[in-house]
Each structure stands twice: as C-alpha cells, then as structure tokens.
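Text of run-v8.pdb (PDB, C-alpha atoms) as supplied:
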MODEL        1
ATOM      1  CA  MET A   1     -56.915 -53.965 -34.771
ATOM      2  CA  ALA A   2     -56.299 -57.163 -32.860
ATOM      3  CA  SER A   3     -56.482 -60.717 -34.081
ATOM      4  CA  PHE A   4     -57.088 -63.610 -31.681
ATOM      5  CA  LEU A   5     -54.900 -66.668 -31.893
ATOM      6  CA  HIS A   6     -56.749 -69.881 -32.581
ATOM      7  CA  LEU A   7     -55.951 -71.405 -29.216
ATOM      8  CA  PRO A   8     -58.449 -72.925 -26.790
ATOM      9  CA  ALA A   9     -59.431 -70.521 -24.047
ATOM     10  CA  ILE A  10     -59.285 -72.254 -20.710
ATOM     11  CA  PHE A  11     -60.609 -70.896 -17.463
ATOM     12  CA  THR A  12     -62.046 -72.375 -14.276
ATOM     13  CA  LEU A  13     -65.228 -71.230 -12.627
ATOM     14  CA  PRO A  14     -65.063 -70.559  -8.899
ATOM     15  CA  SER A  15     -66.196 -73.626  -6.971
ATOM     16  CA  PRO A  16     -69.673 -72.269  -6.036
ATOM     17  CA  LEU A  17     -70.434 -71.945  -9.751
ATOM     18  CA  ARG A  18     -69.319 -75.353 -10.976
ATOM     19  CA  GLY A  19     -72.241 -77.341 -12.250
ATOM     20  CA  ALA A  20     -74.520 -74.304 -11.993
ATOM     21  CA  SER A  21     -77.143 -73.408 -14.561
ATOM     22  CA  PHE A  22     -77.275 -69.964 -16.079
ATOM     23  CA  PRO A  23     -80.947 -69.189 -16.727
ATOM     24  CA  ALA A  24     -81.865 -67.114 -19.727
ATOM     25  CA  GLY A  25     -84.542 -64.475 -19.951
ATOM     26  CA  SER A  26     -85.934 -62.496 -17.066
ATOM     27  CA  ARG A  27     -84.233 -62.644 -13.693
ATOM     28  CA  PRO A  28     -86.284 -64.326 -10.917
ATOM     29  CA  ASN A  29     -86.251 -62.669  -7.519
ATOM     30  CA  SER A  30     -84.703 -65.740  -5.938
ATOM     31  CA  LEU A  31     -81.495 -65.455  -7.947
ATOM     32  CA  PHE A  32     -78.362 -63.812  -6.670
ATOM     33  CA  GLN A  33     -75.575 -62.170  -8.647
ATOM     34  CA  THR A  34     -72.028 -63.479  -8.649
ATOM     35  CA  ARG A  35     -69.124 -61.586 -10.171
ATOM     36  CA  PHE A  36     -65.922 -63.283 -11.227
ATOM     37  CA  ASN A  37     -62.983 -62.392 -13.444
ATOM     38  CA  ILE A  38     -61.629 -64.068 -16.550
ATOM     39  CA  LYS A  39     -58.169 -63.080 -17.758
ATOM     40  CA  CYS A  40     -57.814 -62.997 -21.559
ATOM     41  CA  ARG A  41     -54.647 -62.712 -23.655
ATOM     42  CA  TYR A  42     -54.476 -61.471 -27.217
ATOM     43  CA  ALA A  43     -51.821 -60.391 -29.728
ATOM     44  CA  GLU A  44     -51.638 -57.573 -32.230
ATOM     45  CA  ALA A  45     -52.018 -58.492 -35.898
ATOM     46  CA  ASN A  46     -48.966 -59.302 -38.032
ATOM     47  CA  VAL A  47     -46.768 -60.036 -35.068
ATOM     48  CA  ASN A  48     -44.185 -62.794 -35.403
ATOM     49  CA  LYS A  49     -45.364 -65.581 -33.147
ATOM     50  CA  ASP A  50     -41.787 -66.318 -32.092
ATOM     51  CA  ALA A  51     -41.450 -62.802 -30.738
ATOM     52  CA  PHE A  52     -45.023 -62.424 -29.737
ATOM     53  CA  ASN A  53     -45.931 -59.798 -27.185
ATOM     54  CA  SER A  54     -49.223 -60.442 -25.526
ATOM     55  CA  VAL A  55     -51.501 -58.062 -23.735
ATOM     56  CA  SER A  56     -53.524 -59.156 -20.740
ATOM     57  CA  ALA A  57     -56.946 -57.845 -19.885
ATOM     58  CA  THR A  58     -59.491 -58.738 -17.253
ATOM     59  CA  ILE A  59     -63.152 -59.080 -18.096
ATOM     60  CA  ASP A  60     -65.810 -58.921 -15.406
ATOM     61  CA  VAL A  61     -68.573 -61.463 -15.918
ATOM     62  CA  VAL A  62     -71.768 -61.228 -13.900
ATOM     63  CA  ALA A  63     -73.764 -64.472 -13.704
ATOM     64  CA  ASP A  64     -77.133 -65.122 -12.123
ATOM     65  CA  VAL A  65     -76.992 -68.417 -10.246
ATOM     66  CA  LYS A  66     -79.950 -70.039  -8.513
ATOM     67  CA  PRO A  67     -78.824 -71.775  -5.309
ATOM     68  CA  GLU A  68     -80.224 -75.177  -4.394
ATOM     69  CA  ARG A  69     -83.041 -74.692  -1.900
ATOM     70  CA  VAL A  70     -85.017 -77.803  -1.015
ATOM     71  CA  VAL A  71     -88.227 -78.073   0.970
ATOM     72  CA  VAL A  72     -88.716 -81.425   2.743
ATOM     73  CA  LEU A  73     -92.295 -82.129   3.804
ATOM     74  CA  GLY A  74     -92.322 -84.423   6.811
ATOM     75  CA  GLY A  75     -88.757 -83.325   7.433
ATOM     76  CA  SER A  76     -88.552 -84.447  11.053
ATOM     77  CA  GLY A  77     -89.774 -87.984  10.342
ATOM     78  CA  PHE A  78     -87.759 -91.141   9.769
ATOM     79  CA  VAL A  79     -87.241 -90.718   6.009
ATOM     80  CA  GLY A  80     -87.543 -86.931   5.991
ATOM     81  CA  SER A  81     -84.785 -86.417   8.561
ATOM     82  CA  ALA A  82     -82.435 -88.671   6.568
ATOM     83  CA  ILE A  83     -83.116 -86.565   3.469
ATOM     84  CA  CYS A  84     -82.533 -83.325   5.368
ATOM     85  CA  LYS A  85     -79.269 -84.665   6.779
ATOM     86  CA  ALA A  86     -78.035 -85.844   3.371
ATOM     87  CA  ALA A  87     -78.965 -82.546   1.723
ATOM     88  CA  VAL A  88     -77.141 -80.521   4.377
ATOM     89  CA  SER A  89     -74.044 -82.707   3.900
ATOM     90  CA  LYS A  90     -74.107 -81.815   0.192
ATOM     91  CA  GLY A  91     -74.265 -78.088   0.868
ATOM     92  CA  ILE A  92     -77.940 -77.725  -0.040
ATOM     93  CA  GLU A  93     -80.121 -75.205   1.783
ATOM     94  CA  VAL A  94     -82.957 -77.095   3.478
ATOM     95  CA  ILE A  95     -86.353 -76.138   4.861
ATOM     96  CA  GLY A  96     -87.940 -78.891   6.927
ATOM     97  CA  VAL A  97     -91.727 -78.770   7.332
ATOM     98  CA  SER A  98     -93.628 -80.995   9.751
ATOM     99  CA  ARG A  99     -96.400 -80.711  12.301
ATOM    100  CA  SER A 100     -93.947 -81.218  15.151
ATOM    101  CA  GLY A 101     -91.379 -78.769  13.787
ATOM    102  CA  ARG A 102     -87.771 -79.150  14.869
ATOM    103  CA  PRO A 103     -86.750 -82.650  16.081
ATOM    104  CA  THR A 104     -86.323 -82.989  19.829
ATOM    105  CA  TYR A 105     -83.054 -84.918  19.593
ATOM    106  CA  SER A 106     -79.671 -83.323  18.885
ATOM    107  CA  GLY A 107     -77.463 -83.403  15.790
ATOM    108  CA  SER A 108     -75.139 -80.934  14.101
ATOM    109  CA  TRP A 109     -77.126 -81.084  10.858
ATOM    110  CA  ILE A 110     -80.352 -80.138  12.658
ATOM    111  CA  ASP A 111     -79.042 -76.642  13.354
ATOM    112  CA  GLN A 112     -78.426 -76.149   9.632
ATOM    113  CA  VAL A 113     -82.065 -76.779   8.662
ATOM    114  CA  ASN A 114     -84.694 -74.049   8.723
ATOM    115  CA  TRP A 115     -87.554 -75.780  10.576
ATOM    116  CA  VAL A 116     -91.122 -74.690   9.907
ATOM    117  CA  PRO A 117     -93.898 -76.221  12.034
ATOM    118  CA  GLY A 118     -97.094 -76.705  10.089
ATOM    119  CA  ASP A 119     -99.637 -78.927   8.372
ATOM    120  CA  VAL A 120     -99.687 -78.954   4.556
ATOM    121  CA  PHE A 121    -103.408 -78.180   4.638
ATOM    122  CA  TYR A 122    -102.856 -74.955   6.608
ATOM    123  CA  VAL A 123     -99.207 -73.927   6.239
ATOM    124  CA  ASN A 124     -98.381 -70.489   4.861
ATOM    125  CA  TRP A 125     -96.655 -71.448   1.616
ATOM    126  CA  ASP A 126     -95.087 -67.973   1.356
ATOM    127  CA  ASP A 127     -92.886 -68.966   4.288
ATOM    128  CA  VAL A 128     -91.862 -72.202   2.603
ATOM    129  CA  LEU A 129     -91.873 -72.274  -1.180
ATOM    130  CA  VAL A 130     -90.538 -68.887  -2.298
ATOM    131  CA  GLY A 131     -87.187 -69.492  -3.984
ATOM    132  CA  ALA A 132     -87.365 -73.288  -3.647
ATOM    133  CA  THR A 133     -85.726 -75.362  -6.389
ATOM    134  CA  ALA A 134     -87.320 -78.653  -5.329
ATOM    135  CA  VAL A 135     -89.940 -80.046  -2.981
ATOM    136  CA  VAL A 136     -89.586 -83.510  -1.471
ATOM    137  CA  SER A 137     -92.649 -85.082   0.142
ATOM    138  CA  THR A 138     -92.340 -87.934   2.628
ATOM    139  CA  ILE A 139     -95.944 -87.499   3.776
ATOM    140  CA  GLY A 140     -97.761 -90.764   4.420
ATOM    141  CA  GLY A 141     -99.286 -92.894   7.119
ATOM    142  CA  PHE A 142    -101.813 -95.478   8.210
ATOM    143  CA  GLY A 143    -105.257 -95.278   9.780
ATOM    144  CA  SER A 144    -108.835 -95.626   8.622
ATOM    145  CA  GLU A 145    -109.602 -95.688   4.911
ATOM    146  CA  GLU A 146    -110.587 -92.032   5.030
ATOM    147  CA  GLN A 147    -107.479 -91.045   6.976
ATOM    148  CA  MET A 148    -105.151 -92.884   4.591
ATOM    149  CA  GLN A 149    -106.787 -91.288   1.555
ATOM    150  CA  ARG A 150    -106.345 -87.872   3.142
ATOM    151  CA  ILE A 151    -102.759 -88.347   4.369
ATOM    152  CA  ASN A 152    -101.289 -90.333   1.479
ATOM    153  CA  GLY A 153    -103.367 -88.793  -1.282
ATOM    154  CA  ASP A 154    -104.999 -85.426  -0.597
ATOM    155  CA  ALA A 155    -102.134 -83.957   1.444
ATOM    156  CA  ASN A 156     -99.642 -84.700  -1.296
ATOM    157  CA  VAL A 157    -101.965 -83.375  -4.001
ATOM    158  CA  VAL A 158    -102.215 -80.088  -2.089
ATOM    159  CA  ALA A 159     -98.414 -79.935  -1.843
ATOM    160  CA  VAL A 160     -97.886 -80.685  -5.545
ATOM    161  CA  ASN A 161    -100.295 -77.968  -6.636
ATOM    162  CA  ALA A 162     -98.822 -75.437  -4.228
ATOM    163  CA  ALA A 163     -95.319 -76.170  -5.542
ATOM    164  CA  LYS A 164     -96.528 -75.791  -9.116
ATOM    165  CA  ASP A 165     -98.282 -72.498  -8.339
ATOM    166  CA  TYR A 166     -95.090 -71.112  -6.807
ATOM    167  CA  GLY A 167     -93.007 -72.115  -9.807
ATOM    168  CA  VAL A 168     -90.932 -74.761  -8.039
ATOM    169  CA  PRO A 169     -89.256 -76.636 -10.916
ATOM    170  CA  LYS A 170     -89.059 -80.119  -9.365
ATOM    171  CA  PHE A 171     -91.174 -82.340  -7.102
ATOM    172  CA  ILE A 172     -90.041 -85.636  -5.545
ATOM    173  CA  LEU A 173     -92.492 -88.018  -3.909
ATOM    174  CA  ILE A 174     -91.574 -90.903  -1.625
ATOM    175  CA  SER A 175     -94.216 -93.474  -2.500
ATOM    176  CA  VAL A 176     -94.329 -97.249  -1.983
ATOM    177  CA  HIS A 177     -93.621-100.479  -3.833
ATOM    178  CA  ASP A 178     -96.784-102.363  -4.818
ATOM    179  CA  TYR A 179     -95.363-105.750  -3.711
ATOM    180  CA  ASN A 180     -96.996-107.392  -6.725
ATOM    181  CA  LEU A 181    -100.243-107.450  -4.761
ATOM    182  CA  PRO A 182    -103.514-108.454  -6.449
ATOM    183  CA  PRO A 183    -105.817-105.540  -7.391
ATOM    184  CA  PHE A 184    -108.286-106.070  -4.552
ATOM    185  CA  LEU A 185    -105.509-105.499  -1.998
ATOM    186  CA  LEU A 186    -104.197-102.449  -3.832
ATOM    187  CA  SER A 187    -107.649-100.877  -3.471
ATOM    188  CA  SER A 188    -107.012 -99.962   0.173
ATOM    189  CA  GLY A 189    -106.798 -96.297   1.101
ATOM    190  CA  TYR A 190    -103.050 -96.560   1.667
ATOM    191  CA  PHE A 191    -102.202 -97.617  -1.875
ATOM    192  CA  THR A 192    -104.932 -95.665  -3.662
ATOM    193  CA  GLY A 193    -103.859 -92.539  -1.801
ATOM    194  CA  LYS A 194    -100.235 -93.059  -2.815
ATOM    195  CA  ARG A 195    -101.155 -93.685  -6.452
ATOM    196  CA  LYS A 196    -103.361 -90.586  -6.484
ATOM    197  CA  ALA A 197    -100.370 -88.557  -5.302
ATOM    198  CA  GLU A 198     -98.130 -90.174  -7.922
ATOM    199  CA  SER A 199    -100.556 -89.281 -10.707
ATOM    200  CA  GLU A 200    -100.621 -85.664  -9.560
ATOM    201  CA  VAL A 201     -96.821 -85.440  -9.512
ATOM    202  CA  LEU A 202     -96.427 -86.952 -12.980
ATOM    203  CA  SER A 203     -99.273 -84.843 -14.365
ATOM    204  CA  LYS A 204     -98.044 -81.508 -13.018
ATOM    205  CA  TYR A 205     -94.343 -82.339 -13.507
ATOM    206  CA  PRO A 206     -94.163 -84.575 -16.607
ATOM    207  CA  ASN A 207     -90.482 -83.788 -17.280
ATOM    208  CA  SER A 208     -89.151 -83.275 -13.760
ATOM    209  CA  GLY A 209     -91.427 -85.145 -11.360
ATOM    210  CA  ILE A 210     -89.858 -88.035  -9.473
ATOM    211  CA  VAL A 211     -91.632 -90.918  -7.743
ATOM    212  CA  LEU A 212     -89.528 -93.272  -5.632
ATOM    213  CA  ARG A 213     -91.138 -96.622  -4.780
ATOM    214  CA  PRO A 214     -89.106 -98.248  -1.988
ATOM    215  CA  GLY A 215     -90.223-101.312  -0.080
ATOM    216  CA  PHE A 216     -89.392-101.797   3.586
ATOM    217  CA  ILE A 217     -87.058 -98.965   4.624
ATOM    218  CA  TYR A 218     -84.596 -99.731   7.382
ATOM    219  CA  GLY A 219     -82.323 -97.616   9.527
ATOM    220  CA  LYS A 220     -82.305 -96.251  13.061
ATOM    221  CA  ARG A 221     -85.835 -94.988  13.616
ATOM    222  CA  ARG A 222     -86.772 -92.795  16.570
ATOM    223  CA  VAL A 223     -90.168 -93.409  18.173
ATOM    224  CA  ASP A 224     -91.226 -91.480  21.297
ATOM    225  CA  GLY A 225     -87.631 -90.817  22.275
ATOM    226  CA  PHE A 226     -86.490 -94.391  21.714
ATOM    227  CA  GLU A 227     -84.318 -95.583  18.839
ATOM    228  CA  LEU A 228     -85.448 -98.677  16.961
ATOM    229  CA  PRO A 229     -82.486-100.319  15.184
ATOM    230  CA  LEU A 230     -84.382-101.498  12.104
ATOM    231  CA  ASP A 231     -81.037-101.856  10.364
ATOM    232  CA  LEU A 232     -80.290-104.926  12.502
ATOM    233  CA  ILE A 233     -83.057-106.656  10.566
ATOM    234  CA  GLY A 234     -83.065-104.868   7.235
ATOM    235  CA  GLU A 235     -79.359-104.883   6.452
ATOM    236  CA  PRO A 236     -78.723-108.653   6.743
ATOM    237  CA  VAL A 237     -82.009-109.408   4.948
ATOM    238  CA  GLU A 238     -80.985-107.100   2.106
ATOM    239  CA  ARG A 239     -77.646-108.900   1.786
ATOM    240  CA  ILE A 240     -79.258-112.336   1.785
ATOM    241  CA  MET A 241     -81.817-111.347  -0.818
ATOM    242  CA  SER A 242     -79.152-109.802  -3.005
ATOM    243  CA  ALA A 243     -77.089-112.993  -2.825
ATOM    244  CA  THR A 244     -80.073-115.208  -3.696
ATOM    245  CA  GLU A 245     -81.624-112.946  -6.323
ATOM    246  CA  ASN A 246     -80.882-115.271  -9.236
ATOM    247  CA  PHE A 247     -82.671-118.132  -7.489
ATOM    248  CA  THR A 248     -85.730-116.164  -6.365
ATOM    249  CA  LYS A 249     -86.290-114.148  -9.550
ATOM    250  CA  PRO A 250     -88.475-116.864 -11.214
ATOM    251  CA  LEU A 251     -90.891-116.529  -8.283
ATOM    252  CA  SER A 252     -91.348-112.774  -8.704
ATOM    253  CA  SER A 253     -94.305-113.199 -11.070
ATOM    254  CA  LEU A 254     -96.405-114.894  -8.393
ATOM    255  CA  PRO A 255     -99.118-112.720  -6.811
ATOM    256  CA  ALA A 256     -97.933-110.975  -3.627
ATOM    257  CA  SER A 257     -94.523-112.621  -3.994
ATOM    258  CA  ASP A 258     -92.735-109.356  -3.233
ATOM    259  CA  LEU A 259     -94.082-109.394   0.300
ATOM    260  CA  LEU A 260     -91.270-111.893   0.837
ATOM    261  CA  LEU A 261     -88.945-111.207  -2.080
ATOM    262  CA  ALA A 262     -88.764-107.411  -2.345
ATOM    263  CA  PRO A 263     -85.422-106.403  -0.813
ATOM    264  CA  PRO A 264     -85.345-103.830   1.999
ATOM    265  CA  VAL A 265     -83.850-100.420   1.289
ATOM    266  CA  SER A 266     -81.594 -98.406   3.556
ATOM    267  CA  VAL A 267     -83.042 -95.022   4.536
ATOM    268  CA  ASP A 268     -79.670 -93.559   3.545
ATOM    269  CA  ASP A 269     -80.071 -94.989   0.026
ATOM    270  CA  VAL A 270     -83.497 -93.380  -0.260
ATOM    271  CA  ALA A 271     -82.013 -90.060   0.883
ATOM    272  CA  LEU A 272     -79.115 -90.257  -1.589
ATOM    273  CA  ALA A 273     -81.498 -91.159  -4.425
ATOM    274  CA  VAL A 274     -83.384 -87.967  -3.578
ATOM    275  CA  ILE A 275     -80.147 -85.966  -3.742
ATOM    276  CA  ASN A 276     -79.450 -87.487  -7.147
ATOM    277  CA  GLY A 277     -82.939 -86.463  -8.234
ATOM    278  CA  ILE A 278     -82.449 -82.917  -6.998
ATOM    279  CA  ARG A 279     -79.237 -82.479  -8.981
ATOM    280  CA  ASP A 280     -79.805 -84.588 -12.102
ATOM    281  CA  ASP A 281     -82.304 -83.007 -14.511
ATOM    282  CA  ASP A 282     -82.373 -86.215 -16.567
ATOM    283  CA  PHE A 283     -83.632 -88.155 -13.548
ATOM    284  CA  PHE A 284     -87.448 -88.177 -13.565
ATOM    285  CA  GLY A 285     -90.344 -90.634 -13.641
ATOM    286  CA  ILE A 286     -91.065 -93.683 -11.477
ATOM    287  CA  PHE A 287     -88.168 -95.561  -9.861
ATOM    288  CA  THR A 288     -88.165 -99.104  -8.496
ATOM    289  CA  ILE A 289     -86.232-100.478  -5.538
ATOM    290  CA  ALA A 290     -83.260-101.482  -7.709
ATOM    291  CA  GLN A 291     -83.254 -98.102  -9.465
ATOM    292  CA  ILE A 292     -83.312 -96.271  -6.125
ATOM    293  CA  LYS A 293     -80.138 -98.100  -5.112
ATOM    294  CA  GLU A 294     -78.507 -97.310  -8.456
ATOM    295  CA  ALA A 295     -79.357 -93.633  -8.075
ATOM    296  CA  ALA A 296     -77.915 -93.615  -4.549
ATOM    297  CA  ASP A 297     -74.652 -95.102  -5.820
ATOM    298  CA  LYS A 298     -74.226 -92.168  -8.220
ATOM    299  CA  VAL A 299     -73.870 -89.651  -5.402
ATOM    300  CA  ARG A 300     -72.422 -91.837  -2.660
ATOM    301  CA  VAL A 301     -69.102 -90.567  -1.365
TER
ENDMDL
END

When written as structure tokens, how does the structure in this file appear?
Amino acid sequence: MASFLHLPAIFTLPSPLRGASFPAGSRPNSLFQTRFNIKCRYAEANVNKDAFNSVSATIDVVADVKPERVVVLGGSGFVGSAICKAAVSKGIEVIGVSRSGRPTYSGSWIDQVNWVPGDVFYVNWDDVLVGATAVVSTIGGFGSEEQMQRINGDANVVAVNAAKDYGVPKFILISVHDYNLPPFLLSSGYFTGKRKAESEVLSKYPNSGIVLRPGFIYGKRRVDGFELPLDLIGEPVERIMSATENFTKPLSSLPASDLLLAPPVSVDDVALAVINGIRDDDFFGIFTIAQIKEAADKVRV
C-alpha cells in the first residue's frame, strides 16, 4: 500500500490548454480530444524520508477542449475587418460573413479567415454557426426609416435567434452611443433599430450578451478601393477631449451635448474590446465609450 506525501503537486498544461475550460456532462460534437501526460511521484509507506525511494508513473489524461471559433457578421466592413484581424492575431479561428464575401484588398490576416458570402436573412446557418463559441455582429447602416429598421434591428434579431438556436454561448453586438439626444431624435429608425437589437441580445443572452456602444469610430476606412484616413481626425480629437475631460464633464448633462463631447474611439480599441468579451466570461452587459477603452487595455499587447 502506498501513502502520498503531503506535498503540492505541480504540473503545467501544454500551451494550447492554458486558460481552457473543461466542460462537464455530454460531449458536444464540436469538441476535440487532447491527450497529455502528467508524471506523478509517490513513496511506499513507512519509508524514512531521508532515504526515500520514489517511484515515477505517468498518467494519461484526456481532456475535451472547445477551441475558440468566432463568427463575425459584416466581417469585411470597416469595424468587422478590424475584429477579424484582431481575432486572427490572438489565434482565434474566424468566420467572416458579409454580402460581398472576401475583401478585395490584400493582407496576411485575410487568408486566415474563412469567408462566407451571404445575407443574414438568407444565409445557410449550418455553414456558419456549427461549433461557434461566439457571434459578433457589426451589422448596421443608414437609409430610409424602413431600411434602417430592417438593417439595424431586424437583421440583428435574426442573427441573435439563429445563434441561440445553434447553441452559441455568446453574442456581441456593436451598437451606438446615444449622444444624450432628446427622445424625439432617438425615435429615428437608426436608433430604434439598434435598441431593438440590443434588447434581443440581452433577452436571449442575459448572462453572456455584450453590447458595445461606441461613438464616432476612427481608423483607416476603405471605400470603393480608396482609403479614408479617419484617424487623422479622430486620434487628435480623442487626445484633446481626454485632456479637457475635467472641464467639459459639467456640460455632459445638457441635451445632445455628446454630439460634441463624446470622444471618438479607435476601431482597434473596439476590436480589442470584442476580443476581451470573447475571452472574459465575466464581461457582459452594456458598455460605454470609456468602458470599451478599458476593456481594450486589458488585452492590448
């Protein structure tokens, strides 16, 4: 009979398993098996510790680990492409869905994304959502009242319900800051559509749904083959507003004041906040501009 010494057992998981969750219960089809070895040492009973002879044994441990697999709706757009790029840089498997499919410009990260052309109203979700661990929606746009309700609201509602039906555990919505606008201005199709989508996310995903509310998002935006350097405007404005925050804060209670006072947000910060949301299970709910930047700082390298 063997007796184990009361010493802490120390072993290190292989790097692909660090930070991984080990789900209990039945084994989903999307999981893969990983085998690794742990070497244990023990001593026979009544052996003098000074002359202790240990015996080594190797134990095989099989763990089911669910890899990170993220679906980005609107993946080839301005915000969506930044999210895809950031996710790829973090070793996350990415599926990018958009009506135009793969971006026409080049980039090493583009080749590492599985691009699926399609509209959320007609896409075959079997090709997209099976095995996904999170869905990120950047869907939104302007137009007539009816168009904005459909794009900002209905399209996202369809996506949320599809993700829920397929058992995707997390949904992240890129929404919009309300700019402290009076109610009659928030009644436009753009804002009502966004808020409808938010309500669906928080209803279907009360403990894992994430709504990011950025203001003006800056970065290098591609339009019809041309690159618009929005960062030349947004970055210095963000710095100025950050430096004068203590002076302008008393004005923030004025109606529509945030049209001038809400600081811009880098598209890279929005993307990193999404990555934080994908990996942090305690990160859920509605997040303001300042909270988006804080979340980005947590995963910034």

- Task: Name the residues captured by the PyMOL selection byres ((chain A and resi 110) around 12) when it is applied to the shown file; answer as a PyMOL selection string.
- Result: chain A and resi 75-76+80-89+93-96+101-109+111-115

- Task: Identify, on the basis of all atoms listed in the file, every residue whose closest approach to Leu251 in chain A does not exceed 9 Å; exclude the query and any residue fewer than 6 positions from it along the same chain; express the result as a ChimeraX atom specification.
- Result: /A:257-258,261

- Task: Translate the PyMOL selection byres ((chain A and resi 267-284) around 9), as applied to the file shown, into an explicit residue set as a PyMOL selection string.
- Result: chain A and resi 68+70+78-87+90+133-136+170-172+174+206-212+214+217-220+265-266+285-287+291-300

- Task: Between CA of Phe191 in chain A and CA of Ser175 in chain A, measure the distance and give it in Å to one decimal.
- Result: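 For CA of Phe191 in chain A relative to CA of Ser175 in chain A, the distance reads 9.0 Å.
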
- Query: Which of these residues is nearest to Val157 in chain A, using all atoms listed in the file: A:Val201, A:Ile233, A:Ala290, A:Val116?
  - Reply: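 That would be A:Val201, the residue with the smallest distance to Val157 in chain A.
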
- Item | One-decimal distance in Å that lies between CA of Glu145 in chain A and CA of Lys164 in chain A | 27.6 Å
